[in-house]
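> Below you'll find start.txt; it's compact mmCIF, C-alpha atoms.
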# COMPACT_ATOMS: atom_id res chain seq x y z
CA LEU A 1121 -44.38 -27.42 -13.81
CA THR A 1122 -42.81 -24.44 -15.59
CA ARG A 1123 -40.32 -23.78 -12.78
CA ALA A 1124 -39.25 -27.44 -12.69
CA LEU A 1125 -38.88 -27.45 -16.47
CA LEU A 1126 -36.71 -24.33 -16.47
CA GLU A 1127 -34.51 -25.68 -13.69
CA SER A 1128 -34.06 -28.93 -15.62
CA TRP A 1129 -32.52 -26.86 -18.42
CA ALA A 1130 -30.19 -24.96 -16.09
CA THR A 1131 -27.25 -27.35 -16.04
CA PRO A 1132 -24.68 -27.64 -18.84
CA SER A 1133 -25.35 -30.48 -21.25
CA ALA A 1134 -23.25 -33.62 -21.13
CA ALA A 1135 -21.82 -32.70 -24.52
CA ALA A 1136 -20.82 -29.24 -23.30
CA ALA A 1137 -19.30 -30.66 -20.13
CA ALA A 1138 -17.24 -33.06 -22.24
CA GLY A 1139 -16.10 -30.28 -24.54
CA GLN A 1140 -18.08 -31.61 -27.50
CA ALA A 1141 -20.09 -29.62 -30.01
CA ALA A 1142 -23.71 -28.93 -29.09
CA THR A 1143 -26.43 -30.30 -31.33
CA GLN A 1144 -29.75 -28.81 -32.34
CA SER A 1145 -31.55 -31.21 -29.98
CA ASP A 1146 -29.68 -29.70 -27.03
CA GLY A 1147 -32.08 -26.76 -27.14
CA TRP A 1148 -31.64 -24.07 -24.49
CA ARG A 1149 -29.65 -23.60 -21.35
CA ALA A 1150 -31.63 -21.69 -18.71
CA PHE A 1151 -30.12 -19.05 -16.44
CA ARG A 1152 -32.03 -17.77 -13.41
CA TYR A 1153 -31.16 -14.31 -12.11
CA GLU A 1154 -31.62 -13.75 -8.39
CA ARG A 1155 -30.67 -10.05 -8.21
CA PHE A 1156 -32.60 -8.62 -11.13
CA ALA A 1157 -34.20 -5.61 -9.46
CA VAL A 1158 -37.00 -3.18 -10.21
CA VAL A 1159 -36.51 0.58 -10.60
CA GLY A 1160 -40.07 1.48 -9.58
CA SER A 1161 -43.34 0.23 -8.17
CA ASN A 1162 -45.34 -0.46 -11.32
CA SER A 1163 -45.19 -1.58 -14.96
CA PRO A 1164 -44.58 1.81 -16.64
CA ARG A 1165 -41.66 2.54 -14.33
CA ASN A 1166 -40.06 -0.81 -15.20
CA GLN A 1167 -41.12 -1.56 -18.77
CA PHE A 1168 -40.21 1.81 -20.28
CA PRO A 1169 -36.54 1.28 -19.29
CA LEU A 1170 -36.65 -2.28 -20.61
CA LEU A 1171 -38.27 -1.41 -23.94
CA SER A 1172 -36.58 1.94 -24.62
CA GLY A 1173 -33.66 2.50 -22.27
CA TYR A 1174 -35.42 5.59 -20.91
CA GLY A 1175 -37.57 6.08 -17.83
CA SER A 1176 -41.23 6.88 -17.34
CA LEU A 1177 -42.30 10.47 -16.70
CA GLU A 1178 -42.74 9.58 -13.02
CA TYR A 1179 -39.26 8.06 -12.81
CA ALA A 1180 -37.69 11.18 -14.32
CA ARG A 1181 -39.70 13.43 -12.00
CA ASP A 1182 -38.84 11.51 -8.84
CA HIS A 1183 -35.22 10.56 -9.49
CA GLY A 1184 -33.76 12.99 -12.03
CA GLY A 1185 -33.47 10.47 -14.83
CA LEU A 1186 -34.30 10.86 -18.50
CA ALA A 1187 -37.87 10.08 -19.60
CA LEU A 1188 -38.87 8.66 -22.96
CA ASP A 1189 -39.60 11.87 -24.84
CA CYS A 1190 -42.58 10.58 -26.83
CA ILE A 1191 -44.73 9.75 -23.78
CA VAL A 1192 -47.87 11.91 -23.81
CA PRO A 1193 -47.96 14.15 -20.70
CA GLY A 1194 -51.24 14.07 -18.82
CA PHE A 1195 -52.04 10.41 -19.48
CA PRO A 1196 -54.67 8.95 -18.95
CA ASP A 1197 -56.75 12.12 -19.18
CA THR A 1198 -54.84 13.13 -22.32
CA ARG A 1199 -54.39 10.61 -25.13
CA ALA A 1200 -52.14 10.81 -28.16
CA PRO A 1201 -53.60 11.36 -31.63
CA THR A 1202 -53.71 8.32 -33.91
CA ASN A 1203 -50.72 9.56 -35.96
CA HIS A 1204 -48.47 10.01 -32.91
CA SER A 1205 -45.32 7.92 -33.40
CA CYS A 1206 -42.19 6.96 -31.51
CA HIS A 1207 -38.99 5.40 -32.82
CA ARG A 1208 -37.01 4.83 -29.65
CA TRP A 1209 -38.14 1.29 -28.87
CA VAL A 1210 -36.06 -1.85 -28.94
CA PHE A 1211 -38.47 -2.89 -31.72
CA ASP A 1212 -37.04 -0.13 -33.92
CA SER A 1213 -33.47 -1.27 -33.34
CA TYR A 1214 -34.40 -4.83 -34.28
CA ARG A 1215 -36.42 -3.72 -37.31
CA GLU A 1216 -33.38 -1.76 -38.57
CA ALA A 1217 -31.38 -4.97 -38.24
CA GLY A 1218 -33.85 -6.85 -40.46
CA TYR A 1219 -36.16 -8.36 -37.85
CA THR A 1220 -39.95 -8.71 -38.04
CA THR A 1221 -41.57 -7.70 -34.74
CA MET A 1222 -44.67 -8.64 -32.76
CA PHE A 1223 -46.44 -7.45 -29.61
CA GLY A 1224 -49.22 -9.35 -27.88
CA THR A 1225 -51.02 -9.07 -24.55
CA ASN A 1226 -54.14 -10.47 -22.94
CA MET A 1227 -55.53 -7.04 -22.13
CA CYS A 1228 -57.28 -4.43 -24.24
CA ASP A 1229 -54.49 -1.89 -24.84
CA TRP A 1230 -50.81 -1.47 -25.79
CA GLY A 1231 -49.66 -2.25 -22.26
CA VAL A 1232 -47.37 0.48 -20.93
CA MET A 1233 -47.08 1.75 -24.50
CA GLU A 1234 -50.64 3.08 -24.21
CA GLU A 1235 -48.96 6.20 -22.77
CA VAL A 1236 -47.62 6.72 -26.30
CA TYR A 1237 -50.23 5.11 -28.58
CA PRO A 1238 -54.02 5.20 -28.63
CA PHE A 1239 -55.69 1.84 -29.19
CA ASP A 1240 -56.44 2.66 -32.86
CA THR A 1241 -52.97 4.05 -33.60
CA ALA A 1242 -51.92 4.46 -37.23
CA ALA A 1243 -48.26 4.20 -36.19
CA ALA A 1244 -48.03 0.82 -34.44
CA PRO A 1245 -44.64 0.09 -32.84
CA THR A 1246 -44.49 -3.48 -34.18
CA ASP A 1247 -45.24 -5.21 -37.48
CA HIS A 1248 -47.81 -7.54 -35.88
CA HIS A 1249 -49.91 -7.22 -32.74
CA LEU A 1250 -52.77 -8.97 -30.95
CA MET A 1251 -54.93 -7.51 -28.20
CA GLN A 1252 -58.43 -7.17 -29.66
CA PRO A 1253 -59.89 -10.49 -28.35
CA TRP A 1254 -59.46 -9.27 -24.77
CA CYS A 1255 -61.62 -6.18 -25.40
CA HIS A 1256 -64.77 -8.25 -24.86
CA VAL A 1257 -66.93 -6.71 -22.14
CA ASP A 1258 -66.69 -9.84 -19.97
CA TYR A 1259 -62.91 -9.72 -19.99
CA ASP A 1260 -61.76 -6.08 -20.08
CA VAL A 1261 -62.63 -5.14 -16.49
CA ASP A 1262 -60.72 -4.47 -13.25
CA LYS A 1263 -57.30 -4.52 -14.87
CA LEU A 1264 -55.41 -3.73 -11.65
CA TYR A 1265 -56.49 -6.89 -9.88
CA PHE A 1266 -57.05 -8.90 -13.05
CA ARG A 1267 -60.54 -10.04 -12.06
CA PRO A 1268 -62.52 -10.26 -15.29
CA VAL A 1269 -66.04 -11.65 -15.33
CA SER A 1270 -64.74 -14.60 -17.34
CA ARG A 1271 -61.27 -16.08 -17.71
CA CYS A 1272 -62.27 -18.10 -20.77
CA PHE A 1273 -63.01 -17.62 -24.44
CA GLY A 1274 -65.64 -20.24 -25.01
CA PRO A 1275 -64.21 -23.56 -23.85
CA VAL A 1276 -60.55 -22.43 -23.61
CA PRO A 1277 -58.64 -20.29 -21.09
CA ALA A 1278 -58.20 -16.70 -22.20
CA HIS A 1279 -54.41 -17.03 -22.46
CA GLU A 1280 -54.62 -19.78 -25.08
CA PRO A 1281 -55.16 -17.47 -28.11
CA LEU A 1282 -52.08 -15.47 -27.11
CA LEU A 1283 -49.90 -18.57 -26.78
CA THR A 1284 -51.20 -19.76 -30.13
CA TYR A 1285 -50.56 -16.43 -31.82
CA GLU A 1286 -46.98 -16.32 -30.56
CA SER A 1287 -46.37 -19.86 -31.85
CA GLN A 1288 -47.88 -18.99 -35.22
CA PHE A 1289 -45.78 -15.82 -35.49
CA LEU A 1290 -42.54 -17.69 -34.83
CA ALA A 1291 -43.51 -20.48 -37.22
CA ALA A 1292 -44.54 -18.05 -39.98
CA TYR A 1293 -41.13 -16.39 -39.85
CA GLU A 1294 -39.11 -19.53 -39.16
CA GLY A 1295 -35.62 -19.11 -40.54
CA ALA A 1296 -36.01 -15.33 -40.55
CA ARG A 1297 -35.09 -12.81 -37.88
CA ARG A 1298 -37.97 -12.08 -35.52
CA LEU A 1299 -38.61 -10.44 -32.16
CA SER A 1300 -41.76 -10.93 -30.10
CA TRP A 1301 -42.82 -9.30 -26.81
CA THR A 1302 -45.77 -11.08 -25.19
CA VAL A 1303 -47.38 -9.94 -21.93
CA TYR A 1304 -49.51 -12.26 -19.78
CA LEU A 1305 -51.57 -10.73 -16.95
CA GLU A 1306 -52.16 -13.91 -14.93
CA GLY A 1307 -49.58 -12.84 -12.33
CA HIS A 1308 -51.15 -9.43 -11.77
CA GLU A 1309 -53.61 -10.34 -9.02
CA PRO A 1310 -52.96 -10.71 -5.31
CA SER A 1311 -54.19 -14.23 -4.52
CA PHE A 1312 -51.52 -15.88 -6.73
CA ARG A 1313 -54.09 -18.52 -7.67
CA VAL A 1314 -54.67 -17.39 -11.25
CA MET A 1315 -51.06 -18.05 -12.24
CA GLY A 1316 -51.73 -21.74 -11.78
CA SER A 1317 -54.15 -21.68 -14.70
CA LEU A 1318 -51.26 -20.71 -16.99
CA ASP A 1319 -48.63 -23.08 -15.61
CA ALA A 1320 -49.25 -26.28 -17.59
CA ALA A 1321 -50.00 -24.38 -20.81
CA LEU A 1322 -46.82 -22.31 -20.48
CA ALA A 1323 -44.69 -25.38 -19.83
CA ALA A 1324 -46.15 -27.12 -22.90
CA HIS A 1325 -45.63 -23.93 -24.93
CA LEU A 1326 -41.96 -23.76 -23.94
CA LEU A 1327 -41.43 -27.43 -24.77
CA ALA A 1328 -42.93 -26.91 -28.23
CA LEU A 1329 -40.86 -23.78 -28.84
CA ARG A 1330 -37.69 -25.55 -27.70
CA ALA A 1331 -38.30 -28.47 -30.04
CA ARG A 1332 -38.83 -26.20 -33.06
CA HIS A 1333 -36.79 -23.06 -32.31
CA GLY A 1334 -34.43 -23.93 -29.46
CA HIS A 1335 -31.38 -23.95 -31.73
CA ASP A 1336 -31.71 -20.36 -32.96
CA THR A 1337 -34.01 -18.42 -30.62
CA ALA A 1338 -33.33 -16.78 -27.23
CA ILE A 1339 -36.14 -16.25 -24.74
CA PHE A 1340 -36.40 -14.06 -21.64
CA LEU A 1341 -39.11 -14.90 -19.11
CA VAL A 1342 -39.41 -11.79 -17.01
CA SER A 1343 -41.77 -10.26 -14.48
CA ASP A 1344 -41.45 -6.48 -14.56
CA HIS A 1345 -42.19 -6.31 -10.82
CA GLY A 1346 -43.45 -8.47 -8.00
CA ILE A 1347 -46.96 -8.06 -6.66
CA HIS A 1348 -47.30 -4.86 -4.61
CA TYR A 1349 -50.72 -5.11 -3.00
CA GLY A 1350 -52.88 -7.68 -1.24
CA THR A 1351 -52.52 -10.11 1.65
CA PHE A 1352 -49.15 -11.50 0.59
CA TYR A 1353 -47.59 -8.03 0.34
CA ASP A 1354 -49.20 -5.83 2.97
CA GLY A 1355 -47.48 -6.39 6.30
CA SER A 1356 -45.40 -9.29 5.00
CA PRO A 1357 -41.61 -9.15 5.53
CA SER A 1358 -41.08 -10.98 2.25
CA GLY A 1359 -43.46 -8.75 0.28
CA PRO A 1360 -41.04 -5.88 -0.46
CA ARG A 1361 -38.27 -8.34 -1.31
CA GLU A 1362 -40.41 -10.25 -3.77
CA HIS A 1363 -41.62 -7.01 -5.32
CA ALA A 1364 -38.07 -5.65 -5.63
CA THR A 1365 -36.49 -8.77 -7.17
CA PRO A 1366 -38.97 -10.34 -9.62
CA LEU A 1367 -38.52 -13.45 -11.69
CA LEU A 1368 -36.12 -13.48 -14.62
CA TYR A 1369 -34.90 -16.45 -16.66
CA ALA A 1370 -32.80 -16.22 -19.81
CA LEU A 1371 -32.91 -19.17 -22.24
CA LEU A 1372 -30.03 -19.24 -24.71
CA PRO A 1373 -29.36 -21.85 -27.43
CA ARG A 1374 -26.66 -24.26 -26.34
CA ARG A 1375 -25.08 -24.19 -29.80
CA THR A 1376 -24.65 -20.41 -29.43
CA LEU A 1377 -23.08 -20.85 -26.00
CA ALA A 1378 -20.74 -23.50 -27.41
CA ALA A 1379 -19.64 -21.07 -30.12
CA TRP A 1380 -19.07 -18.25 -27.60
CA PRO A 1381 -17.75 -19.75 -24.32
CA GLN A 1382 -17.18 -16.26 -22.87
CA LEU A 1383 -20.89 -15.56 -23.33
CA GLU A 1384 -21.86 -18.56 -21.23
CA GLY A 1385 -19.29 -17.51 -18.64
CA ALA A 1386 -20.77 -14.03 -18.35
CA LEU A 1387 -24.38 -15.26 -18.18
CA SER A 1388 -23.39 -17.69 -15.41
CA ALA A 1389 -21.35 -15.15 -13.45
CA ASN A 1390 -24.17 -12.60 -13.46
CA ARG A 1391 -26.78 -14.89 -11.92
CA ARG A 1392 -26.17 -13.33 -8.48
CA ARG A 1393 -25.09 -9.86 -9.55
CA LEU A 1394 -27.21 -6.73 -9.43
CA PHE A 1395 -28.91 -5.37 -12.55
CA SER A 1396 -32.13 -3.65 -13.60
CA PRO A 1397 -34.52 -3.19 -16.56
CA PHE A 1398 -32.11 -0.56 -17.92
CA ASP A 1399 -29.48 -3.31 -18.11
CA LEU A 1400 -31.92 -5.76 -19.67
CA HIS A 1401 -32.52 -3.19 -22.44
CA ALA A 1402 -28.74 -2.98 -22.94
CA THR A 1403 -28.71 -6.79 -23.14
CA LEU A 1404 -31.36 -6.87 -25.86
CA LEU A 1405 -29.34 -4.38 -27.92
CA HIS A 1406 -26.14 -6.32 -27.22
CA LEU A 1407 -27.69 -9.42 -28.75
CA LEU A 1408 -27.79 -7.47 -32.03
CA SER A 1409 -24.16 -6.38 -31.92
CA TYR A 1410 -22.42 -9.19 -29.99
CA PRO A 1411 -19.47 -9.49 -29.49
CA HIS A 1412 -19.21 -5.75 -30.13
CA PRO A 1413 -20.65 -3.40 -27.47
CA PRO A 1414 -24.17 -2.05 -28.05
CA ARG A 1415 -25.03 1.56 -28.74
CA LEU A 1416 -27.02 2.76 -25.74
CA PRO A 1417 -29.05 5.88 -24.90
CA ASP A 1418 -26.90 8.79 -23.74
CA TRP A 1419 -27.48 9.50 -20.04
CA SER A 1420 -24.53 11.87 -19.62
CA THR A 1421 -26.85 14.84 -19.03
CA ALA A 1422 -28.97 13.09 -16.39
CA ALA A 1423 -28.82 13.95 -12.71
CA ILE A 1424 -28.25 10.30 -11.77
CA PRO A 1425 -25.14 8.25 -12.61
CA LEU A 1426 -26.87 5.47 -14.56
CA ARG A 1427 -24.40 3.17 -16.28
CA ALA A 1428 -26.45 0.54 -18.10
CA LYS A 1429 -24.58 -2.70 -18.76
CA SER A 1430 -25.41 -5.83 -20.71
CA ILE A 1431 -25.52 -9.14 -18.87
CA LEU A 1432 -23.76 -10.68 -21.88
CA GLN A 1433 -20.58 -9.40 -20.25
CA PRO A 1434 -19.52 -9.81 -16.60
CA LEU A 1435 -21.07 -7.26 -14.26
CA PRO A 1436 -19.09 -5.78 -11.36
CA ARG A 1437 -19.38 -7.80 -8.16
CA ASP A 1438 -19.66 -4.64 -6.07
CA ARG A 1439 -22.13 -2.81 -8.29
CA GLU A 1440 -24.31 -0.30 -6.48
CA CYS A 1441 -27.99 0.39 -7.03
CA GLU A 1442 -27.48 3.91 -8.38
CA ASP A 1443 -25.26 2.55 -11.16
CA ALA A 1444 -28.21 0.45 -12.37
CA GLY A 1445 -30.76 3.26 -11.96
CA ILE A 1446 -32.34 1.66 -8.88
CA PRO A 1447 -33.61 4.27 -6.36
CA ALA A 1448 -32.23 3.92 -2.83
CA SER A 1449 -35.78 3.65 -1.44
CA ILE A 1450 -36.28 0.28 -3.16
CA CYS A 1451 -32.68 -0.90 -3.42
CA PRO A 1452 -32.77 -4.64 -2.60
CA CYS A 1453 -29.32 -4.45 -1.01
CA LEU A 1454 -30.55 -1.86 1.50
CA GLN A 1455 -33.85 -3.68 2.01
CA HIS A 1456 -32.06 -6.92 2.84
CA ALA A 1457 -29.66 -5.17 5.18
CA SER A 1458 -32.44 -3.44 7.13
CA THR A 1459 -34.56 -6.60 7.31
CA ASP A 1460 -31.74 -8.90 8.35
CA THR A 1461 -30.37 -6.71 11.16
Just give me the structure of the file as structure tokens.

Amino acid sequence: LTRALLESWATPSAAAAAGQAATQSDGWRAFRYERFAVVGSNSPRNQFPLLSGYGSLEYARDHGGLALDCIVPGFPDTRAPTNHSCHRWVFDSYREAGYTTMFGTNMCDWGVMEEVYPFDTAAAPTDHHLMQPWCHVDYDVDKLYFRPVSRCFGPVPAHEPLLTYESQFLAAYEGARRLSWTVYLEGHEPSFRVMGSLDAALAAHLLALRARHGHDTAIFLVSDHGIHYGTFYDGSPSGPREHATPLLYALLPRRTLAAWPQLEGALSANRRRLFSPFDLHATLLHLLSYPHPPRLPDWSTAAIPLRAKSILQPLPRDRECEDAGIPASICPCLQHASTDT
């Protein structure tokens, strides 16, 4: 249902095709990106670049990149004190621009940010957050394979409170600037069956958000990596490909695209061009400064030639993996070449 819904929003509206002004009811145009590629095997390696523009400690160790300097070395055996803080997140950039921020996840921690913050941190990275309901003993188990004892809170699926909280956050700050980052774990298990429990609810959620906020809110639906274990990965020719090029849709208001035709042109052109979580971070910052270029982390001292670029501008057709911070060992271009020959 969700995939069909997103694809139904992928074509230009009749008004846009006729050169007419978009209306609020036009909602979003959806863009699907086929060559969005991971820079590592797991969530920390991919979400740290997305959220901060810097790599994980493991990424820096293995590839010579720059790590986020407020990660606590020795995690998980060593945890940060409650007053440990970090001001290098995309949340900080948006807060400085007048945005209210929110983080939510259906697991009992700060997601990848638990390498920086203890659960009871006194220096939360966002203004609002929700994770406590999923600390129940029946739910907070076997995080890797996402196999809790129960997938429900009473009579409702466990993702429902998170969907509701996100809707309430956006409604509470309607008309104001706001940024939310919501993580759903339904895709993090190897049978692929659990995702189906979220499908109808997510489609309904997107329809409701489009009706109320589609004229002034952009949404990115992103998987930080494909599944990398289980029957559908081990020994499967498609497994490494699906892990290396996870799902990414960008939903942009049609009225914004009508006001900036070059923006729509760039978003369309980049649908089959190579980019990574480092570039998605650049994109989030570019949304704050557009049409002016964003201010990005300085990688001039790094041992790798990372050149992060926003997808709000055309990407080079012949871009190479190293330019996007993608290690050669997982470069989708090289994977495809070796598999197809």
> Restrict the calculation to all atoms listed in the file, then for each residue of range 1189-1259 of chain A with any atom at most 12 Å from an atom of range 1148-1170 of chain A give the closest atom pair and their distance in Å to one decimal, rows by chain and rising residue number, as a Markdown table.

| residue | atom | partner | partner_atom | distance |
| --- | --- | --- | --- | --- |
| A:Asp1189 | CA | A:Phe1168 | CA | 11.1 |
| A:Cys1190 | CA | A:Phe1168 | CA | 11.2 |
| A:Ile1191 | CA | A:Phe1168 | CA | 9.8 |
| A:Phe1195 | CA | A:Pro1164 | CA | 11.7 |
| A:Arg1208 | CA | A:Phe1168 | CA | 10.4 |
| A:Trp1209 | CA | A:Phe1168 | CA | 8.9 |
| A:Val1210 | CA | A:Leu1170 | CA | 8.4 |
| A:Phe1211 | CA | A:Leu1170 | CA | 11.3 |
| A:Trp1230 | CA | A:Pro1164 | CA | 11.5 |
| A:Gly1231 | CA | A:Ser1163 | CA | 8.6 |
| A:Val1232 | CA | A:Pro1164 | CA | 5.3 |
| A:Met1233 | CA | A:Phe1168 | CA | 8.1 |
| A:Glu1234 | CA | A:Pro1164 | CA | 9.8 |
| A:Glu1235 | CA | A:Pro1164 | CA | 8.7 |
| A:Val1236 | CA | A:Phe1168 | CA | 10.7 |
> So the first atom is CA of Thr1421 in chain A and the second is CA of Leu1186 in chain A; what is the distance between them in Å, to one decimal place?
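Going from CA of Thr1421 in chain A over to CA of Leu1186 in chain A covers 8.5 Å.
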> Give me, please, the distance in Å between CA of Thr1221 in chain A and CA of Leu1372 in chain A, quoted to one decimal.
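Between CA of Thr1221 in chain A and CA of Leu1372 in chain A the gap is 19.2 Å.
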> Hey, which of A:His1249, A:Gly1307, A:Ser1396, A:Thr1284 ends up closest to Asp1319 in chain A? Count all atoms listed in the file.
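Result for the nearest residue to Asp1319 in chain A: A:Gly1307.
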> Which residue is closest to Ala1243 in chain A? Choose from A:Leu1394, A:Leu1283, A:Ala1200, A:Ala1323 and count only C-alpha atoms.
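For Ala1243 in chain A, the nearest of the given residues is A:Ala1200.
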> With distances taken over all atoms listed in the file, which of A:Glu1306, A:Leu1426, A:Ile1450, A:Leu1125 is nearest to Glu1362 in chain A?
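Among the listed residues, the smallest separation from Glu1362 in chain A belongs to A:Ile1450.
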> Provide the CA of Pro1452 in chain A to CA of Arg1437 in chain A distance in Å, to one decimal place.
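These two atoms are separated by 14.8 Å.
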> May I ask which of the residues A:Met1315, A:Ala1321, A:Met1251, A:Ala1292 is the closest one to His1333 in chain A, counting all atoms listed in the file?
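Between A:Met1315, A:Ala1321, A:Met1251, A:Ala1292, the residue approaching His1333 in chain A most closely is A:Ala1292.
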> Choose the residue, out of A:Glu1294, A:Glu1216, A:Asp1418, A:Asp1197, that has the smallest atom-to-atom separation from Tyr1174 in chain A; count only C-alpha atoms.
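Closest to Tyr1174 in chain A, using only C-alpha atoms: A:Asp1418.
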> Counting only C-alpha atoms, note down every residue that has an atom within 10 Å of the point (-27.3, -21.1, -28.6) (file coordinates), as a ChimeraX atom specification.
/A:1142-1144,1146-1149,1334-1338,1371-1380,1383-1384
> Quick one: everything within 10 Å of Pro1413 in chain A, counting only C-alpha atoms, minus sequence neighbours fewer than 6 positions away in the same chain. Send it as a list in words.
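Surrounding residues, per the criterion: Ala1402, Thr1403, Leu1405, His1406, Leu1407, Lys1429, Ser1430, Leu1432 and Gln1433 of chain A.
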> Given the choices A:Thr1225, A:Thr1351, A:Ser1172, A:Ser1356, which gets closest to Ser1300 in chain A if the distance is worked out from all atoms listed in the file?
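Of all the options, A:Thr1225 lies closest to Ser1300 in chain A.
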> Please put the answer as JSON: centre and edge lengths, in Å with one decimal, of a box along x, y and z that encloses all listed atoms of range 1388-1402 of chain A plus 3 Å on each side.

{"center_x": -27.9, "center_y": -9.1, "center_z": -15.7, "size_x": 19.2, "size_y": 23.1, "size_z": 20.5}
> If I put a ball of radius 9 Å at (-52.4, -14.0, -13.0) in the file's coordinates, which residues poke into it when counting only C-alpha atoms, written as a VMD selection string?
chain A and resid 1265 to 1266 1304 to 1318
> Could you model all heavy atoms for range 1407-1413 of chain A and present them as a compact mmCIF listing (two decimals), in the frame of the given file?

# COMPACT_ATOMS: atom_id res chain seq x y z
N LEU A 1407 -27.46 -8.22 -27.94
CA LEU A 1407 -27.69 -9.42 -28.75
C LEU A 1407 -27.58 -9.11 -30.24
O LEU A 1407 -27.21 -9.98 -31.03
CB LEU A 1407 -29.07 -10.00 -28.44
CG LEU A 1407 -29.22 -10.76 -27.12
CD1 LEU A 1407 -30.68 -11.06 -26.85
CD2 LEU A 1407 -28.40 -12.06 -27.15
N LEU A 1408 -27.90 -7.87 -30.62
CA LEU A 1408 -27.79 -7.47 -32.03
C LEU A 1408 -26.35 -7.24 -32.47
O LEU A 1408 -26.02 -7.45 -33.63
CB LEU A 1408 -28.59 -6.19 -32.27
CG LEU A 1408 -30.11 -6.29 -32.27
CD1 LEU A 1408 -30.71 -4.89 -32.40
CD2 LEU A 1408 -30.59 -7.18 -33.39
N SER A 1409 -25.51 -6.79 -31.54
CA SER A 1409 -24.16 -6.38 -31.92
C SER A 1409 -23.06 -7.33 -31.45
O SER A 1409 -21.91 -7.17 -31.84
CB SER A 1409 -23.87 -4.99 -31.33
OG SER A 1409 -23.86 -5.03 -29.90
N TYR A 1410 -23.41 -8.32 -30.62
CA TYR A 1410 -22.42 -9.19 -29.99
C TYR A 1410 -21.48 -9.80 -31.04
O TYR A 1410 -21.94 -10.21 -32.10
CB TYR A 1410 -23.13 -10.31 -29.22
CG TYR A 1410 -22.23 -11.05 -28.28
CD1 TYR A 1410 -21.98 -10.56 -27.00
CD2 TYR A 1410 -21.60 -12.23 -28.68
CE1 TYR A 1410 -21.14 -11.24 -26.14
CE2 TYR A 1410 -20.75 -12.90 -27.82
CZ TYR A 1410 -20.52 -12.41 -26.54
OH TYR A 1410 -19.68 -13.07 -25.68
N PRO A 1411 -20.16 -9.82 -30.75
CA PRO A 1411 -19.47 -9.49 -29.49
C PRO A 1411 -19.11 -8.02 -29.32
O PRO A 1411 -18.45 -7.66 -28.35
CB PRO A 1411 -18.21 -10.35 -29.59
CG PRO A 1411 -17.89 -10.36 -31.04
CD PRO A 1411 -19.23 -10.42 -31.74
N HIS A 1412 -19.51 -7.17 -30.26
CA HIS A 1412 -19.21 -5.75 -30.13
C HIS A 1412 -20.18 -5.10 -29.16
O HIS A 1412 -21.33 -5.54 -29.02
CB HIS A 1412 -19.29 -5.08 -31.50
CG HIS A 1412 -18.41 -5.73 -32.53
ND1 HIS A 1412 -17.03 -5.68 -32.46
CD2 HIS A 1412 -18.71 -6.47 -33.64
CE1 HIS A 1412 -16.52 -6.34 -33.49
NE2 HIS A 1412 -17.52 -6.84 -34.21
N PRO A 1413 -19.76 -4.05 -28.45
CA PRO A 1413 -20.65 -3.40 -27.47
C PRO A 1413 -21.84 -2.74 -28.15
O PRO A 1413 -21.74 -2.28 -29.30
CB PRO A 1413 -19.73 -2.37 -26.80
CG PRO A 1413 -18.63 -2.13 -27.77
CD PRO A 1413 -18.42 -3.43 -28.49
